[in-house]
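Q: Pasting a structure below so you can have a look.
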Amino acid sequence: MWNVTLRGLLARKLRMALTALAIIVGVTFVSGTLILTDTLHHTFDSLIGNVYGKINFEIRGNATLGSGAYAGADSTADRKPVPESIAATVRRLPGVAYVDGSVAGYAQFVQGASNDIGNGGSQALGFSFDPNKQLSVLDLVDGKPPTNAHDVVMDKATATKYHFKVGERVHVLLAGPSQRFTITGIVTFGGDNDLVGDTLAGFSLPTAQKLFNTRGYYDTINVLAKPGVDKAALKRAIAKVLPRGVQVVSGQTVVGEETNLINSDLSFISTALLVFAFISLFVGAFTIFNTFSITVGQRTRELALLRIVGASRRQLFRSVLGEAALTGLVASLIGLGLGILAALGLVALLKAFGITLPSAPLVFKARTAAVAVGVGVGVTLLSAIGPARRAVRIPPVAALVDHLEEEGDSLRRRVTLGGIVAICGLIAVLAGVSEPAIALVGIGALAVFIGMGMLAPIVSRPLSGTLGRPLAALFGIAGRLGRENSMRSPRRTAQTASALMVGLALVSTIAVYGASLSQTATSDVDSAINAQYLIGGTLSNSVVPAIARIPGVNTVRTAYKGQFEIRGSLSSLIAATTANLPKTVNLVLSAGSGASAMAAGELLLDTTTANSDHLKVGSLVRVKFAQTGASTMRIGGIFKPNPLLGSYLVSASFFASHFHDPVPTAVLVATDRTAPHVGRALNRLLNPYPVSVKTRAQFEKAQQAQVNELVGLVYVLLALAVVVALIGVVNTLMLSVFERTREIGLLRAVGMKRRQVRSMIRSESVIIALFGAVIGIVIGTGLGVAMASSLRQQGVSDIVVPVSSLVVFLFLSALLGLAAASWPARRAANLDVLAAIAAE
């Protein structure tokens, strides 16, 4: 039977090649994603190892936040600075070779007098530069270290991009007043030229302490042991001299913490990309199932003859699955090889959407090959089980007749099972909306897709007939024949369109969800902000009074953001100046008081948080701050959700008493209606700072642009699923041409022209594409509404159905149907008439 299987595959090379394309695309995406994530993990692991692996010990304050689940998980958690005197004490211990304290803070380079340097989303990092090559995280590659209050070293990527050289003067923005420095050296971070777009500025230790307001304290103290010293004993000795609240950890501990943190951040990218890869495979499964179903139907006589000559049902089952396994294996190996190109393409795609990743040689692991081949072969086998079971039910008598009627009970079983799956999926979606639970909506959506794919034959004939009427009128006899072909086999039409149905359903879901997010962003700005101008970014506290002095400005309010622990959970805390707050922010209270409670040092909650945590005005909650420790706060008011204010709100004065040297994250400016010049004055004043000055309308557009950019990225990734679906349409049409070779020959013999044959095949393809698009768009719209509704507690308040976008999808589906039919139509039109008539 294996010889029969191999010969069967070789006899149908084109058909199997088209089937394999669906798997190749999905496996390419999977392997490309795995290669990319492995490369990123290896790159960052090596970088962190190079930077922190040099340190024997690090002395730092205990992590005071997240004492439960977060304890010890993150070396960058908020910690108290350590007294400078500890360094001198540790330096005197036997076995200690070198001790260096370090501090860090905000330092933004400015080119010339006005243009800030850095990419969107990147950080402007300032460091104290340690001249000891064995301990410093910054490697000097040109010039000399900073030695006085006027020196700075710059990272190589920034110096190269903006053409800075050693000896030049550069303007640096700081949390306090900005200053000018002389570039004395060029550095890299752990030997890497570019740390994902971040800029690095290094100062002498005394200068950095002054700039970052940490005189008398260090953020951390790095310790280098003498060669041959018992490091475990030295660590215990260091621990004994440390005051309460200060700890010593090994350099490997720091490496492990930083690596885990980066890997956790990278997992989001890999998970998101793998989701889209498996969507492509899921859509490809429909194509594979359809192809094997059609080929089994076309091979009815062949399989029946095998039964007559002695083949058992088990052998036939294994033969069909063997074809699937070989097809899946070859396709997976090809997809695995193309995965390298896919990884490079994904890097370029993410970069085009503003996600900058470090460049590094690609890493190919054995796990990638195992997963890619396993997934490709597994999906192919699962998709072929149904057709294989159908093959073993073919009776030997089928070898003696030209056609065997399709079993009616098979269709009834399909409809019954499809109805059950669809109803269960719908129940899960509705439950996910009422909870709300986005995961339950996703599971329900998967069941709905499968169920509707099984139920589609019920509506295939009437809907295909309706969609085909305009084409029949437009193309005459060719259009009528194409319409009748699509109606002739409802199951085949439905199966062919099912992959496209799933692809368009997903696209429509994202369209509805994206439109809802975009409208919500606009509504949130309208309901949340009263200020005429919003300034976002990092700027000095000293600039705020200068803004207030601009003629026409009547209110300026600053906002701050930090982390704190409330009732054992780590959360974000927003702070704002309270005087005349309603002129800039729309604070709508449902209980308690607002500005007066904030001024009294009380905490305000939004209604969503208050309801979920069962809190009310007057409740006392336990809180903890990194700098000041644990305390108790009284709930002074409950306000309606405002995206600008977050879930927890306090006054700026309270915030400043619990956070070290806070820097504003946003400034809101209210102006007189008769002061149109304020915008120009703000731009002139803030030109040197890396901030954005936007009117309320511009801020709305910026929020919408962010949503649209994310939706655009999702569209690009979902496009692969649509491509796989189109491969399925091409495959089915090609199989249809093979199946109807004699019929097409007879049509040509009685006078049908080549042009009419092409029009017939194209009409059939367009009807199939529109059939899948109509059902997919209807299902996708419903799921999009359900998804947006399930996230209403996360802030999605408006549900929008973008009718114009859905109409465009329908039109594009017709064009894609035409494109998919071009090769099969050309092949059908070029058939030799006599050979076609003689074909069986």
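Each chain of the structure tokens is named A, B, ... in the order shown, its residues numbered from 1; ligands are numbered from 1 in display order.
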So which residues touch A:Ala159 within 10 Å, counting only C-alpha atoms, skipping near sequence neighbours fewer than 4 positions away, as a list in words?

A: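 Contacts, in chain order: Val153, Met154, Asp155, His163, Phe164, Lys165, Val166, Ile183, Gly185, Ile186, Val187 and Thr199 of chain A.
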
Q: Store the residues picked out above in a file with N, CA and C atoms, as an mmCIF file, in the first residue's frame.

A:
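The resulting file, again-v4.cif, is shown below:
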data_model
loop_
_atom_site.group_PDB
_atom_site.id
_atom_site.type_symbol
_atom_site.label_atom_id
_atom_site.label_comp_id
_atom_site.auth_asym_id
_atom_site.auth_seq_id
_atom_site.Cartn_x
_atom_site.Cartn_y
_atom_site.Cartn_z
ATOM 1 N N VAL A 153 30.137 61.378 28.748
ATOM 2 C CA VAL A 153 30.411 60.415 27.680
ATOM 3 C C VAL A 153 29.072 60.036 27.038
ATOM 4 N N MET A 154 29.103 59.771 25.730
ATOM 5 C CA MET A 154 27.889 59.508 24.950
ATOM 6 C C MET A 154 27.966 58.115 24.334
ATOM 7 N N ASP A 155 26.796 57.455 24.211
ATOM 8 C CA ASP A 155 26.779 56.140 23.582
ATOM 9 C C ASP A 155 27.112 56.247 22.096
ATOM 10 N N HIS A 163 26.222 62.509 14.481
ATOM 11 C CA HIS A 163 27.520 63.071 14.076
ATOM 12 C C HIS A 163 28.181 63.882 15.198
ATOM 13 N N PHE A 164 28.133 63.350 16.420
ATOM 14 C CA PHE A 164 28.860 63.972 17.526
ATOM 15 C C PHE A 164 30.269 63.394 17.595
ATOM 16 N N LYS A 165 31.210 64.219 18.027
ATOM 17 C CA LYS A 165 32.588 63.781 18.166
ATOM 18 C C LYS A 165 33.133 64.181 19.532
ATOM 19 N N VAL A 166 34.192 63.513 19.937
ATOM 20 C CA VAL A 166 34.859 63.849 21.201
ATOM 21 C C VAL A 166 35.351 65.284 21.134
ATOM 22 N N ILE A 183 31.758 66.537 25.459
ATOM 23 C CA ILE A 183 31.868 65.091 25.234
ATOM 24 C C ILE A 183 33.342 64.701 25.332
ATOM 25 N N GLY A 185 34.207 61.259 25.778
ATOM 26 C CA GLY A 185 34.392 59.889 25.332
ATOM 27 C C GLY A 185 33.130 59.320 24.709
ATOM 28 N N ILE A 186 33.321 58.228 23.958
ATOM 29 C CA ILE A 186 32.225 57.482 23.327
ATOM 30 C C ILE A 186 32.206 56.087 23.949
ATOM 31 N N VAL A 187 31.013 55.603 24.316
ATOM 32 C CA VAL A 187 30.908 54.336 25.027
ATOM 33 C C VAL A 187 29.887 53.420 24.358
ATOM 34 N N THR A 199 19.215 56.163 24.652
ATOM 35 C CA THR A 199 20.429 56.977 24.662
ATOM 36 C C THR A 199 21.077 56.894 26.042
#

Q: Step one, run DSSP on the backbone; step two, keep only residues of stretch 368-573 of chain A assigned to helix (DSSP H, G or I); then write them as a PyMOL selection string.

A: chain A and resi 368-392+396-400+408-434+438-475+477-488+490-528+543-548

Q: Would you pick out the contacts of A:Arg414 at 12 Å or less, using only C-alpha atoms, so that residues sharing its chain but fewer than 6 positions from it are not included, and give the list as a ChimeraX atom specification?

A: /A:386,407-408,420-422,450-458,491

Q: Can you pull out every residue within 9 Å of A:Ala576, counting only C-alpha atoms, but drop anything in the same chain fewer than 5 positions away, and send it as a PDB file with N, CA, C and O atoms, in the first residue's frame?

A:
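What landed in result-v7.pdb:
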ATOM      1  N   ARG A 557      -1.682  72.586  35.402  1.00  0.00           N
ATOM      2  CA  ARG A 557      -1.686  71.507  36.390  1.00  0.00           C
ATOM      3  C   ARG A 557      -0.777  70.385  35.915  1.00  0.00           C
ATOM      4  O   ARG A 557      -0.807  69.992  34.743  1.00  0.00           O
ATOM      5  N   THR A 558       0.037  69.891  36.839  1.00  0.00           N
ATOM      6  CA  THR A 558       0.982  68.826  36.516  1.00  0.00           C
ATOM      7  C   THR A 558       0.449  67.492  36.993  1.00  0.00           C
ATOM      8  O   THR A 558      -0.294  67.409  37.984  1.00  0.00           O
ATOM      9  N   ALA A 559       0.839  66.438  36.279  1.00  0.00           N
ATOM     10  CA  ALA A 559       0.464  65.072  36.660  1.00  0.00           C
ATOM     11  C   ALA A 559       1.729  64.236  36.812  1.00  0.00           C
ATOM     12  O   ALA A 559       2.709  64.422  36.072  1.00  0.00           O
ATOM     13  N   TYR A 560       1.708  63.346  37.787  1.00  0.00           N
ATOM     14  CA  TYR A 560       2.841  62.467  38.067  1.00  0.00           C
ATOM     15  C   TYR A 560       2.339  61.019  38.077  1.00  0.00           C
ATOM     16  O   TYR A 560       1.148  60.762  38.289  1.00  0.00           O
ATOM     17  N   LEU A 581      -8.358  72.187  39.755  1.00  0.00           N
ATOM     18  CA  LEU A 581      -8.230  70.962  38.962  1.00  0.00           C
ATOM     19  C   LEU A 581      -9.359  70.805  37.938  1.00  0.00           C
ATOM     20  O   LEU A 581      -9.099  70.371  36.808  1.00  0.00           O
ATOM     21  N   LEU A 645      -6.782  59.710  34.600  1.00  0.00           N
ATOM     22  CA  LEU A 645      -6.552  59.653  36.047  1.00  0.00           C
ATOM     23  C   LEU A 645      -6.300  58.234  36.551  1.00  0.00           C
ATOM     24  O   LEU A 645      -5.913  58.051  37.705  1.00  0.00           O
ATOM     25  N   LEU A 649      -5.893  57.954  42.577  1.00  0.00           N
ATOM     26  CA  LEU A 649      -5.513  59.359  42.415  1.00  0.00           C
ATOM     27  C   LEU A 649      -5.226  59.986  43.767  1.00  0.00           C
ATOM     28  O   LEU A 649      -5.988  59.808  44.728  1.00  0.00           O
ATOM     29  N   VAL A 650      -4.099  60.754  43.842  1.00  0.00           N
ATOM     30  CA  VAL A 650      -3.746  61.504  45.048  1.00  0.00           C
ATOM     31  C   VAL A 650      -3.287  62.899  44.622  1.00  0.00           C
ATOM     32  O   VAL A 650      -3.144  63.186  43.426  1.00  0.00           O
ATOM     33  N   SER A 651      -3.043  63.740  45.593  1.00  0.00           N
ATOM     34  CA  SER A 651      -2.553  65.081  45.294  1.00  0.00           C
ATOM     35  C   SER A 651      -1.063  65.052  44.995  1.00  0.00           C
ATOM     36  O   SER A 651      -0.336  64.142  45.416  1.00  0.00           O
ATOM     37  N   ALA A 652      -0.593  66.071  44.264  1.00  0.00           N
ATOM     38  CA  ALA A 652       0.827  66.152  43.923  1.00  0.00           C
ATOM     39  C   ALA A 652       1.691  66.327  45.161  1.00  0.00           C
ATOM     40  O   ALA A 652       2.809  65.802  45.232  1.00  0.00           O
ATOM     41  N   SER A 653       1.201  67.068  46.158  1.00  0.00           N
ATOM     42  CA  SER A 653       1.987  67.264  47.379  1.00  0.00           C
ATOM     43  C   SER A 653       2.144  65.958  48.139  1.00  0.00           C
ATOM     44  O   SER A 653       3.222  65.653  48.668  1.00  0.00           O
ATOM     45  N   PHE A 655       2.108  62.993  46.764  1.00  0.00           N
ATOM     46  CA  PHE A 655       2.984  62.183  45.922  1.00  0.00           C
ATOM     47  C   PHE A 655       4.445  62.545  46.172  1.00  0.00           C
ATOM     48  O   PHE A 655       5.313  61.676  46.305  1.00  0.00           O
TER      49      PHE A 655
END

Q: With only C-alpha atoms as the counted atoms, please give the residues lying no more than 8 Å from stretch 424-429 of chain A, apart from itself and same-chain residues fewer than 2 positions off, as a list in words.

A: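 So, after excluding close chain neighbours, the residues are Ile420, Val421, Ala422, Ala431, Gly432, Val433, Leu440, Val441, Gly442, Ile443, Gly444, Ala445, Leu446, Ala447, Val448, Gly451, Leu783 and Ala786 of chain A.
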
Q: Atom CA of A:Arg169 to atom CA of A:Thr182: how many Å, to one decimal?

A: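 Taking atom CA of A:Arg169 as the start and atom CA of A:Thr182 as the end point, the length is 4.5 Å.
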
Q: Which one of A:Gly479, A:Gly618, A:Gly514, A:Pro83 sits closest to A:Val785 if you count only C-alpha atoms?

A: A:Gly514

Q: Work out how far apart atom CA of A:Gly53 and atom CA of A:Gln134 are and give it in Å to one decimal.

A: 9.7 Å

Q: Choose the residue, out of A:Gly780, A:Gly629, A:Pro146, A:Pro81, that has the smallest atom-to-atom separation from A:Asp219; count only C-alpha atoms.

A: A:Pro81

Q: My list of candidates is A:Thr33, A:Ile566, A:Phe44, A:Ile385. Which is closest to A:Phe268 when distances are computed with only C-alpha atoms?

A: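 Closest residue, counting only C-alpha atoms: A:Thr33.
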
Q: Determine the nearest neighbour of A:Asp130 from the options A:Arg79, A:Gly167, A:Ala208, A:Leu806, counting only C-alpha atoms.

A: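 Of A:Arg79, A:Gly167, A:Ala208, A:Leu806, the one nearest A:Asp130, counting only C-alpha atoms, is A:Ala208.
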
Q: Go through A:Ala17, A:Thr380, A:Asp661, A:Gly337 and flag the residue nearest A:Thr214, using only C-alpha atoms for the distances.

A: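 Using only C-alpha atoms, the shortest distance to A:Thr214 belongs to A:Asp661.
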
Q: Near A:Ala591, within 9 Å and counting only C-alpha atoms, which residues show up once chain neighbours fewer than 5 positions away are dropped, as a ChimeraX atom specification?

A: /A:616-617,636-639

Q: Would you list, as a ChimeraX atom specification, the residues of stretch 214-416 of chain A that end up in strand (DSSP E or B) under DSSP run on this structure's backbone?

A: /A:217-218,220-225,246-250

Q: Looking at only C-alpha atoms, which of A:Ile744, A:Leu316, A:Ala697, A:Met487 is the one that sits closest to A:Ile837?

A: A:Ile744

Q: Which polymer residues have any atom within 9 Å of an atom of stretch 365-373 of chain A, counting only C-alpha atoms, with same-chain residues fewer than 5 positions away left out, as a list in words?

A: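 In the requested format, the answer is Val27, Thr28, Val30, Ser31, Gly32, Leu34, Ile35, Asp38, Gly328, Leu329, Ala331, Ser332, Leu333, Gly335, Leu336 and Gly378 of chain A.
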